[in-house]
Amino acid sequence: MSRITTLLGPIGIVAAALFTVVVLGALFAPLIAPYDPTIGSVTERFQGFSLDHLLGTDQAGRDIFSRLLFGARSALLGPVIVVTITAVFGTGLALISVWWGGIVDSFISRLLDLLFAFPNLLLAMLAIAVFGPSLTTAALALSIAYIPYTARVIRSMALRERNLPYIRSPQLQGISGVVITVRHLVPNIAPLIVTGATINFGFAMIELAALSFLGLGVQAPDADWGLMVADGQQSLLRGYPAESMFAGLLIVVTVAALGYIGERLGGRAAAGRKF
Amino acid sequence: MSTPAIVVDGLTKTFSGHGRHKVTALDNISLTVERGSCLAVVGESGSGKTTLARIIVGLETADSGTVMLNGNPVAERASRRELHRRAREIQMVFQDPQSSFNRRLRVSTAVDEVLRAHTSLDARERRDRCVELFELVGLESRQLDALPGELSGGQRQRVAIARALAADPSVIVLDESVAALDVTVQGQILKLLAELRAAKNLSYVFITHDLSVVQMVADQIVVMHRGAIVERGATAEVLGNPRHAYTQLLLACVPRPGWKPQRGLIRAFREKIAS
Amino acid sequence: MLEIRDLCMTIANERAELDILRNVSLSVAAGESVGLVGESGSGKSMTLRSILRIEPSNATVTGNITFAGTDVLSLEGEALRQMRSTDVSMIAQNPHAVLNPVLPIVNYLIEGMHDAQGMAKGAARLRAGELLEQVGIDGVDRVLSSYPHQLSGGMLQRVVIAGAIAGKPKLMLADEPTTALDVTTQAEVMAILDEFRRDLGMSMLYVTHDLDLAAAVCDRISVMKDGQIVETGVPEQLRDNPQHPYTQQLMDSRPAGIVPQETAPSERTPSQTAFSEPDANEGEPK
């Protein structure tokens, strides 16, 4: 425990606590939420803070607190999809590229360059235009857009590690490339993969929220933070800023918390290289 | 007359440097290492000695020329089976004891991995063999379970030698294997290498920049300068009666009792070469 | 000139306190060159760093360091900066770490003369050229406008030496200045360093792992092991009559050194080496 404490530092512990609260809220949303997030009542539109509705209600009379809890689910699920796909394929491509080298490396590198040329959101919008708007489409499209970033960072790291004796020696012992990669290379670049994933998580969260805000991600009436920021615009004009404000605040806090944790881990990973 | 351990014939290798600039790392190198003997390849940085070592073990391919290992050619693009077979003939010990091992695994794992690839021993027999190998290189069996970071540089280099010996090769390429060690430790490792060579009739290719080390280990010596061999012969002969200006320069620059550094030796050498 | 008395250093981490230096005492007289020889972890570099007060932040230093009459360990702020910039200069092992990679060489050399000594920029540039010529660099103008990555390690180390002697410091601290260099370059750089030290009458504290190298350029040598100085003496005395077993061990670890050309054992057959004979092991440390 004390190791984790020193790893994160005081601010990191607060960040980790905040993030944990968000995750728990998302996991236990059905138990905690006092109301159904999608069903509102026209008689209860635009209410302020009260004991009945802790954070008030939105323009459809839905409980904002409940919607924030359920919104956390898609807000986290989207980035989880993106980060998982990106880490698996980005690392995979990088390792294949480094291990085979030569033509394979050139081909993969050019392919990644090509992907790089597309702005992330544009790629996502393109995919949504073809496959229709949904969280899955948005997340998959973003995953593809993120792969080059991850793959590049990991490729350069793996390229350096590959020439070190602890990789070269087993190679000279006639041990297969797959075994060397899995046993030696991957564990030694794992900190970088984890750090990259943490940082990507934050980016993905913001960009998915942006897509939802534009109506291209999570679809109404489902709850989602990005969608809530957009929906809240009307309430905002009527003098009820709660919906947009809290949803926006949660996005900022979650991203900032994760960003800080990622940075701490990254710093440690870099320092750990000198063992 | 037995087949020599290594016959290198007409090796040439150029690297493409910045822009159109080409660097000749090796220029028509030929040499022979007799069975059971130690050939020192001496040179400064940029002499091509490390490239030569890497080509001999098959980590790099030459532009032209051949390497014969125990009478068989070292193929350019070898199959897995070929690599596996070659591992039992030639091994390499690297310079940097810091990165010789996967720092997350116990050092015995590195040796065990080799035994698993090359023998049909079961786990317990392999463990016994590891103990034997550790004893052979002067380590205690309790050090089997150490992590690389818990051992000193000299101890790590001993494990690296044990790993190289695990598949029972007949040739070992030592690439600056004692360069990073303290002088007192250097002496111990050189002694160990000499004992192992006598006991197992090993052949060494000893890559080094350090002339004072050469005379402790090598029977034969080749002096490399800018990718070419400028002088070769029996160690005592070359060191005692150097013929080439470059060998003379090297010898004049090695600190020894009563030695004083002199200015202008390099310039004098360049002028001599130019004329 | 420099007097170190009972210098102790402890570094505390989460788990333990490590004694890095234990009662290190040594002195360097005006114009004298003293070698500090030891292997890795002996504390030789830490001794050097405490003179410039650049020890690690988690280190506790006690004892006494006097430089030209001032108590170094109590120096602060401006006085400390003054000492570092004008009275003492340091040559480190890796010149790449010393030179700013994005600035041309000329900036490094002018910086000290212009900022610390208030020399006009034009004059400083001329002086920089002179200095480079003195350290044996050809094509001075080209080198001055080069960036560090365009030059070899030996060239860079000569630039660093030129910078170090520019301010005519009283004391030169050299921390393994040639370890990263080829042997021929090492000889050249050491010759230059030695020549300038003598010409300018500077004192030098020279840290190295190479006893022969220290012997070539030092008046006295202190041998260090495990944070202590085990023996101090003139080079010949250490070589011919070492008092401490560790000094003996250092001497013996390269049994023959390099064979001097006139006494080469040409009768030795190629198949024999010093270590393959059992009786050749007596010099081996146990």
# chains A, B, ... in the order shown; residues from 1 in each chain; ligands from 1
$ interface_residues --of "chain B" --to "chain C" --cutoff "6 Å" --atoms "only C-alpha atoms" --output "MDAnalysis selection string"
chainID B and resid 44 182 184 187 191 194 212 216:217 219 234 236:237 240 253 255:257 259:263
$ residues_around --residues "stretch 106-123 of chain B" --least-positions-apart "4" --cutoff "7 Å" --atoms "only C-alpha atoms" --output "list of chain:residue names"
A:Gln173, A:Ile175, B:Arg127, B:Cys130, B:Leu144, B:Asp145, B:Ala146, B:Leu147, B:Pro148, B:Arg163, B:Ala166, B:Ala167
$ write_last_selection --atoms "C-alpha atoms" --output "mmCIF file, in the first residue's frame"
data_model
loop_
_atom_site.group_PDB
_atom_site.id
_atom_site.type_symbol
_atom_site.label_atom_id
_atom_site.label_comp_id
_atom_site.auth_asym_id
_atom_site.auth_seq_id
_atom_site.Cartn_x
_atom_site.Cartn_y
_atom_site.Cartn_z
ATOM 1 C CA GLN A 173 20.264 -19.088 -28.497
ATOM 2 C CA ILE A 175 14.793 -19.149 -29.124
ATOM 3 C CA ARG B 127 17.905 -26.789 -12.202
ATOM 4 C CA CYS B 130 22.048 -24.444 -13.746
ATOM 5 C CA LEU B 144 20.507 -18.536 -8.939
ATOM 6 C CA ASP B 145 17.410 -16.821 -7.664
ATOM 7 C CA ALA B 146 18.788 -13.299 -7.630
ATOM 8 C CA LEU B 147 17.346 -10.602 -9.819
ATOM 9 C CA PRO B 148 19.886 -8.997 -12.171
ATOM 10 C CA ARG B 163 24.229 -18.538 -20.266
ATOM 11 C CA ALA B 166 24.541 -23.511 -21.465
ATOM 12 C CA ALA B 167 24.062 -24.790 -25.012
#
$ residues_around --residues "A:Gly48" --least-positions-apart "3" --cutoff "9 Å" --atoms "only C-alpha atoms" --output "list in words"
His53, Leu54, Leu55, Gly56, Thr57, Tyr240 and Ala242 of chain A
$ residues_around --residues "C:Ile110" --least-positions-apart "6" --cutoff "10 Å" --atoms "only C-alpha atoms" --output "ChimeraX atom specification"
/C:116,119-128,163,166
$ closest_atom_pairs --of "stretch 49-96 of chain A" --to "stretch 178-182 of chain A" --cutoff "12 Å" --atoms "only C-alpha atoms" --output "JSON lines"
{"residue": "A:Thr91", "atom": "CA", "partner": "A:Thr181", "partner_atom": "CA", "distance": 11.2}
{"residue": "A:Gly92", "atom": "CA", "partner": "A:Thr181", "partner_atom": "CA", "distance": 10.4}
{"residue": "A:Ala94", "atom": "CA", "partner": "A:Thr181", "partner_atom": "CA", "distance": 11.4}
{"residue": "A:Leu95", "atom": "CA", "partner": "A:Thr181", "partner_atom": "CA", "distance": 7.8}
{"residue": "A:Ile96", "atom": "CA", "partner": "A:Thr181", "partner_atom": "CA", "distance": 9.6}
$ interface_residues --of "chain A" --to "chain B" --cutoff "8 Å" --atoms "only C-alpha atoms" --output "count of residues only"
15
$ select_by_dssp --residues "stretch 11-158 of chain B" --states "alpha helix (DSSP H)" --output "ChimeraX atom specification"
/B:49-57,80-87,107-118,123-136,153-158
$ atom_distance --atom1 "atom CA of C:Gln93" --atom2 "atom CA of C:Glu176"
5.1 Å
$ select_by_dssp --residues "stretch 104-227 of chain C" --states "strand (DSSP E)" --output "ChimeraX atom specification"
/C:171-175,203-208,220-225
$ write_last_selection --atoms "N, CA and C atoms" --output "PDB file, in the first residue's frame"
ATOM      1  N   LEU C 171      41.852  26.119  -9.438  1.00  0.00           N
ATOM      2  CA  LEU C 171      41.768  24.673  -9.233  1.00  0.00           C
ATOM      3  C   LEU C 171      40.939  24.037 -10.335  1.00  0.00           C
ATOM      4  N   MET C 172      41.459  22.965 -10.867  1.00  0.00           N
ATOM      5  CA  MET C 172      40.752  22.218 -11.905  1.00  0.00           C
ATOM      6  C   MET C 172      40.305  20.884 -11.305  1.00  0.00           C
ATOM      7  N   LEU C 173      39.027  20.579 -11.443  1.00  0.00           N
ATOM      8  CA  LEU C 173      38.528  19.292 -10.987  1.00  0.00           C
ATOM      9  C   LEU C 173      38.216  18.456 -12.221  1.00  0.00           C
ATOM     10  N   ALA C 174      38.851  17.319 -12.339  1.00  0.00           N
ATOM     11  CA  ALA C 174      38.622  16.477 -13.517  1.00  0.00           C
ATOM     12  C   ALA C 174      38.061  15.135 -13.074  1.00  0.00           C
ATOM     13  N   ASP C 175      36.843  14.829 -13.556  1.00  0.00           N
ATOM     14  CA  ASP C 175      36.187  13.583 -13.152  1.00  0.00           C
ATOM     15  C   ASP C 175      36.180  12.611 -14.328  1.00  0.00           C
ATOM     16  N   SER C 203      46.186  24.128  -9.819  1.00  0.00           N
ATOM     17  CA  SER C 203      46.118  22.888  -9.050  1.00  0.00           C
ATOM     18  C   SER C 203      45.097  21.994  -9.732  1.00  0.00           C
ATOM     19  N   MET C 204      45.256  20.697  -9.529  1.00  0.00           N
ATOM     20  CA  MET C 204      44.272  19.794 -10.135  1.00  0.00           C
ATOM     21  C   MET C 204      43.965  18.644  -9.194  1.00  0.00           C
ATOM     22  N   LEU C 205      42.686  18.316  -9.121  1.00  0.00           N
ATOM     23  CA  LEU C 205      42.283  17.075  -8.458  1.00  0.00           C
ATOM     24  C   LEU C 205      41.697  16.201  -9.556  1.00  0.00           C
ATOM     25  N   TYR C 206      42.350  15.073  -9.779  1.00  0.00           N
ATOM     26  CA  TYR C 206      42.039  14.249 -10.940  1.00  0.00           C
ATOM     27  C   TYR C 206      41.478  12.910 -10.490  1.00  0.00           C
ATOM     28  N   VAL C 207      40.209  12.697 -10.796  1.00  0.00           N
ATOM     29  CA  VAL C 207      39.549  11.459 -10.397  1.00  0.00           C
ATOM     30  C   VAL C 207      39.579  10.464 -11.549  1.00  0.00           C
ATOM     31  N   THR C 208      40.052   9.262 -11.298  1.00  0.00           N
ATOM     32  CA  THR C 208      40.104   8.250 -12.355  1.00  0.00           C
ATOM     33  C   THR C 208      40.134   6.853 -11.750  1.00  0.00           C
ATOM     34  N   ARG C 220      50.932  13.507  -6.649  1.00  0.00           N
ATOM     35  CA  ARG C 220      50.611  12.562  -5.589  1.00  0.00           C
ATOM     36  C   ARG C 220      49.324  11.853  -5.941  1.00  0.00           C
ATOM     37  N   ILE C 221      49.136  10.660  -5.373  1.00  0.00           N
ATOM     38  CA  ILE C 221      47.926   9.897  -5.653  1.00  0.00           C
ATOM     39  C   ILE C 221      47.329   9.379  -4.354  1.00  0.00           C
ATOM     40  N   SER C 222      46.009   9.541  -4.218  1.00  0.00           N
ATOM     41  CA  SER C 222      45.299   8.908  -3.107  1.00  0.00           C
ATOM     42  C   SER C 222      44.465   7.777  -3.669  1.00  0.00           C
ATOM     43  N   VAL C 223      44.562   6.607  -3.056  1.00  0.00           N
ATOM     44  CA  VAL C 223      43.784   5.456  -3.500  1.00  0.00           C
ATOM     45  C   VAL C 223      42.560   5.332  -2.609  1.00  0.00           C
ATOM     46  N   MET C 224      41.402   5.231  -3.223  1.00  0.00           N
ATOM     47  CA  MET C 224      40.148   5.172  -2.470  1.00  0.00           C
ATOM     48  C   MET C 224      39.457   3.842  -2.624  1.00  0.00           C
ATOM     49  N   LYS C 225      38.852   3.393  -1.538  1.00  0.00           N
ATOM     50  CA  LYS C 225      38.056   2.170  -1.587  1.00  0.00           C
ATOM     51  C   LYS C 225      36.958   2.273  -0.535  1.00  0.00           C
TER      52      LYS C 225
END
$ residues_around --residues "stretch 248-250 of chain A" --least-positions-apart "6" --cutoff "9 Å" --atoms "only C-alpha atoms" --output "NGL selection string"
:A and (22 or 68 or 72 or 225-226 or 228-229)
$ write_last_selection --atoms "C-alpha atoms" --output "mmCIF file, in the first residue's frame"
data_model
loop_
_atom_site.group_PDB
_atom_site.id
_atom_site.type_symbol
_atom_site.label_atom_id
_atom_site.label_comp_id
_atom_site.auth_asym_id
_atom_site.auth_seq_id
_atom_site.Cartn_x
_atom_site.Cartn_y
_atom_site.Cartn_z
ATOM 1 C CA VAL A 22 -16.698 7.795 -10.759
ATOM 2 C CA LEU A 68 -25.094 11.643 -14.309
ATOM 3 C CA ALA A 72 -20.777 7.698 -16.257
ATOM 4 C CA TRP A 225 -22.135 13.307 -20.119
ATOM 5 C CA GLY A 226 -21.374 14.741 -23.526
ATOM 6 C CA MET A 228 -26.009 16.150 -21.223
ATOM 7 C CA VAL A 229 -23.726 19.096 -21.856
#
$ atom_distance --atom1 "atom CA of A:Thr254" --atom2 "atom CA of A:Thr20"
9.6 Å
$ residues_around --residues "A:Ala145" --least-positions-apart "3" --cutoff "12 Å" --atoms "only C-alpha atoms" --output "JSON list (two decimals) with N, CA and C atoms, in the first residue's frame"
[["chain", "number", "residue", "atom", "x", "y", "z"],
["A", 82, "VAL", "N", -11.93, 2.07, -26.57],
["A", 82, "VAL", "CA", -10.88, 2.69, -27.37],
["A", 82, "VAL", "C", -9.49, 2.27, -26.88],
["A", 83, "VAL", "N", -9.29, 2.38, -25.57],
["A", 83, "VAL", "CA", -7.98, 2.10, -25.01],
["A", 83, "VAL", "C", -7.59, 0.64, -25.21],
["A", 85, "ILE", "N", -8.67, -1.56, -27.52],
["A", 85, "ILE", "CA", -8.37, -1.85, -28.93],
["A", 85, "ILE", "C", -7.03, -1.22, -29.33],
["A", 86, "THR", "N", -6.85, 0.04, -28.91],
["A", 86, "THR", "CA", -5.63, 0.75, -29.28],
["A", 86, "THR", "C", -4.40, 0.05, -28.72],
["A", 89, "PHE", "N", -3.93, -3.52, -30.57],
["A", 89, "PHE", "CA", -3.50, -3.45, -31.96],
["A", 89, "PHE", "C", -2.26, -2.57, -32.15],
["A", 90, "GLY", "N", -2.21, -1.47, -31.41],
["A", 90, "GLY", "CA", -1.05, -0.59, -31.51],
["A", 90, "GLY", "C", 0.22, -1.34, -31.12],
["A", 111, "LEU", "N", 1.50, 2.67, -43.57],
["A", 111, "LEU", "CA", 0.07, 2.53, -43.27],
["A", 111, "LEU", "C", -0.29, 3.44, -42.10],
["A", 112, "LEU", "N", 0.54, 3.46, -41.09],
["A", 112, "LEU", "CA", 0.28, 4.29, -39.92],
["A", 112, "LEU", "C", 0.37, 5.77, -40.29],
["A", 113, "ASP", "N", 1.34, 6.11, -41.14],
["A", 113, "ASP", "CA", 1.47, 7.49, -41.60],
["A", 113, "ASP", "C", 0.17, 7.95, -42.27],
["A", 114, "LEU", "N", -0.39, 7.02, -43.06],
["A", 114, "LEU", "CA", -1.61, 7.32, -43.79],
["A", 114, "LEU", "C", -2.74, 7.63, -42.81],
["A", 115, "LEU", "N", -2.87, 6.80, -41.79],
["A", 115, "LEU", "CA", -3.90, 7.00, -40.78],
["A", 115, "LEU", "C", -3.69, 8.31, -40.03],
["A", 116, "PHE", "N", -2.41, 8.61, -39.81],
["A", 116, "PHE", "CA", -2.03, 9.81, -39.10],
["A", 116, "PHE", "C", -2.58, 11.05, -39.79],
["A", 117, "ALA", "N", -2.60, 10.98, -41.13],
["A", 117, "ALA", "CA", -2.97, 12.16, -41.91],
["A", 117, "ALA", "C", -4.42, 12.57, -41.67],
["A", 118, "PHE", "N", -5.27, 11.63, -41.21],
["A", 118, "PHE", "CA", -6.67, 11.96, -40.95],
["A", 118, "PHE", "C", -6.83, 12.57, -39.56],
["A", 119, "PRO", "N", -7.53, 13.69, -39.46],
["A", 119, "PRO", "CA", -7.86, 14.17, -38.11],
["A", 119, "PRO", "C", -8.78, 13.15, -37.43],
["A", 120, "ASN", "N", -8.55, 12.90, -36.14],
["A", 120, "ASN", "CA", -9.30, 11.87, -35.41],
["A", 120, "ASN", "C", -10.81, 12.02, -35.57],
["A", 121, "LEU", "N", -11.29, 13.24, -35.28],
["A", 121, "LEU", "CA", -12.74, 13.43, -35.26],
["A", 121, "LEU", "C", -13.34, 13.29, -36.66],
["A", 122, "LEU", "N", -12.57, 13.71, -37.65],
["A", 122, "LEU", "CA", -13.05, 13.59, -39.02],
["A", 122, "LEU", "C", -13.24, 12.12, -39.39],
["A", 123, "LEU", "N", -12.26, 11.32, -39.01],
["A", 123, "LEU", "CA", -12.32, 9.88, -39.27],
["A", 123, "LEU", "C", -13.56, 9.30, -38.60],
["A", 124, "ALA", "N", -13.77, 9.72, -37.34],
["A", 124, "ALA", "CA", -14.91, 9.22, -36.58],
["A", 124, "ALA", "C", -16.22, 9.63, -37.27],
["A", 125, "MET", "N", -16.30, 10.90, -37.70],
["A", 125, "MET", "CA", -17.53, 11.37, -38.34],
["A", 125, "MET", "C", -17.80, 10.63, -39.64],
["A", 126, "LEU", "N", -16.71, 10.34, -40.35],
["A", 126, "LEU", "CA", -16.82, 9.59, -41.59],
["A", 126, "LEU", "C", -17.44, 8.23, -41.32],
["A", 127, "ALA", "N", -16.91, 7.55, -40.30],
["A", 127, "ALA", "CA", -17.40, 6.22, -39.94],
["A", 127, "ALA", "C", -18.86, 6.31, -39.53],
["A", 138, "ALA", "N", -18.66, 5.20, -32.82],
["A", 138, "ALA", "CA", -17.75, 6.29, -32.45],
["A", 138, "ALA", "C", -16.48, 5.73, -31.81],
["A", 139, "ALA", "N", -16.64, 4.78, -30.88],
["A", 139, "ALA", "CA", -15.49, 4.23, -30.16],
["A", 139, "ALA", "C", -14.57, 3.47, -31.12],
["A", 140, "LEU", "N", -15.15, 2.67, -32.00],
["A", 140, "LEU", "CA", -14.33, 1.90, -32.94],
["A", 140, "LEU", "C", -13.56, 2.84, -33.86],
["A", 141, "ALA", "N", -14.26, 3.87, -34.35],
["A", 141, "ALA", "CA", -13.60, 4.80, -35.26],
["A", 141, "ALA", "C", -12.44, 5.51, -34.57],
["A", 142, "LEU", "N", -12.68, 5.93, -33.33],
["A", 142, "LEU", "CA", -11.61, 6.60, -32.59],
["A", 142, "LEU", "C", -10.44, 5.65, -32.33],
["A", 148, "PRO", "N", -2.21, 4.66, -34.57],
["A", 148, "PRO", "CA", -0.88, 5.13, -34.99],
["A", 148, "PRO", "C", -0.08, 5.78, -33.86],
["A", 149, "TYR", "N", -0.76, 6.53, -32.99],
["A", 149, "TYR", "CA", -0.04, 7.19, -31.89],
["A", 149, "TYR", "C", 0.64, 6.15, -31.00],
["A", 150, "THR", "N", -0.20, 5.20, -30.56],
["A", 150, "THR", "CA", 0.32, 4.16, -29.67],
["A", 150, "THR", "C", 1.42, 3.36, -30.37],
["A", 151, "ALA", "N", 1.13, 2.96, -31.61],
["A", 151, "ALA", "CA", 2.08, 2.11, -32.32],
["A", 151, "ALA", "C", 3.43, 2.82, -32.50],
["A", 200, "ASN", "N", -4.31, 8.04, -23.29],
["A", 200, "ASN", "CA", -5.31, 7.90, -24.35],
["A", 200, "ASN", "C", -6.73, 7.93, -23.80],
["A", 203, "PHE", "N", -7.96, 11.45, -23.55],
["A", 203, "PHE", "CA", -8.26, 12.01, -24.87],
["A", 203, "PHE", "C", -9.56, 11.42, -25.42],
["A", 204, "ALA", "N", -9.67, 10.08, -25.31],
["A", 204, "ALA", "CA", -10.83, 9.39, -25.86],
["A", 204, "ALA", "C", -12.10, 9.89, -25.19],
["A", 207, "GLU", "N", -12.99, 13.30, -26.60],
["A", 207, "GLU", "CA", -13.43, 13.27, -27.99],
["A", 207, "GLU", "C", -14.76, 12.54, -28.14]]
$ atom_distance --atom1 "atom CA of C:Thr10" --atom2 "atom CA of C:Ala59"
5.5 Å
$ closest_residue --among "C:Val28, C:Cys218, C:Met9, C:Glu14" --to "chain A" --atoms "only C-alpha atoms"
C:Glu14
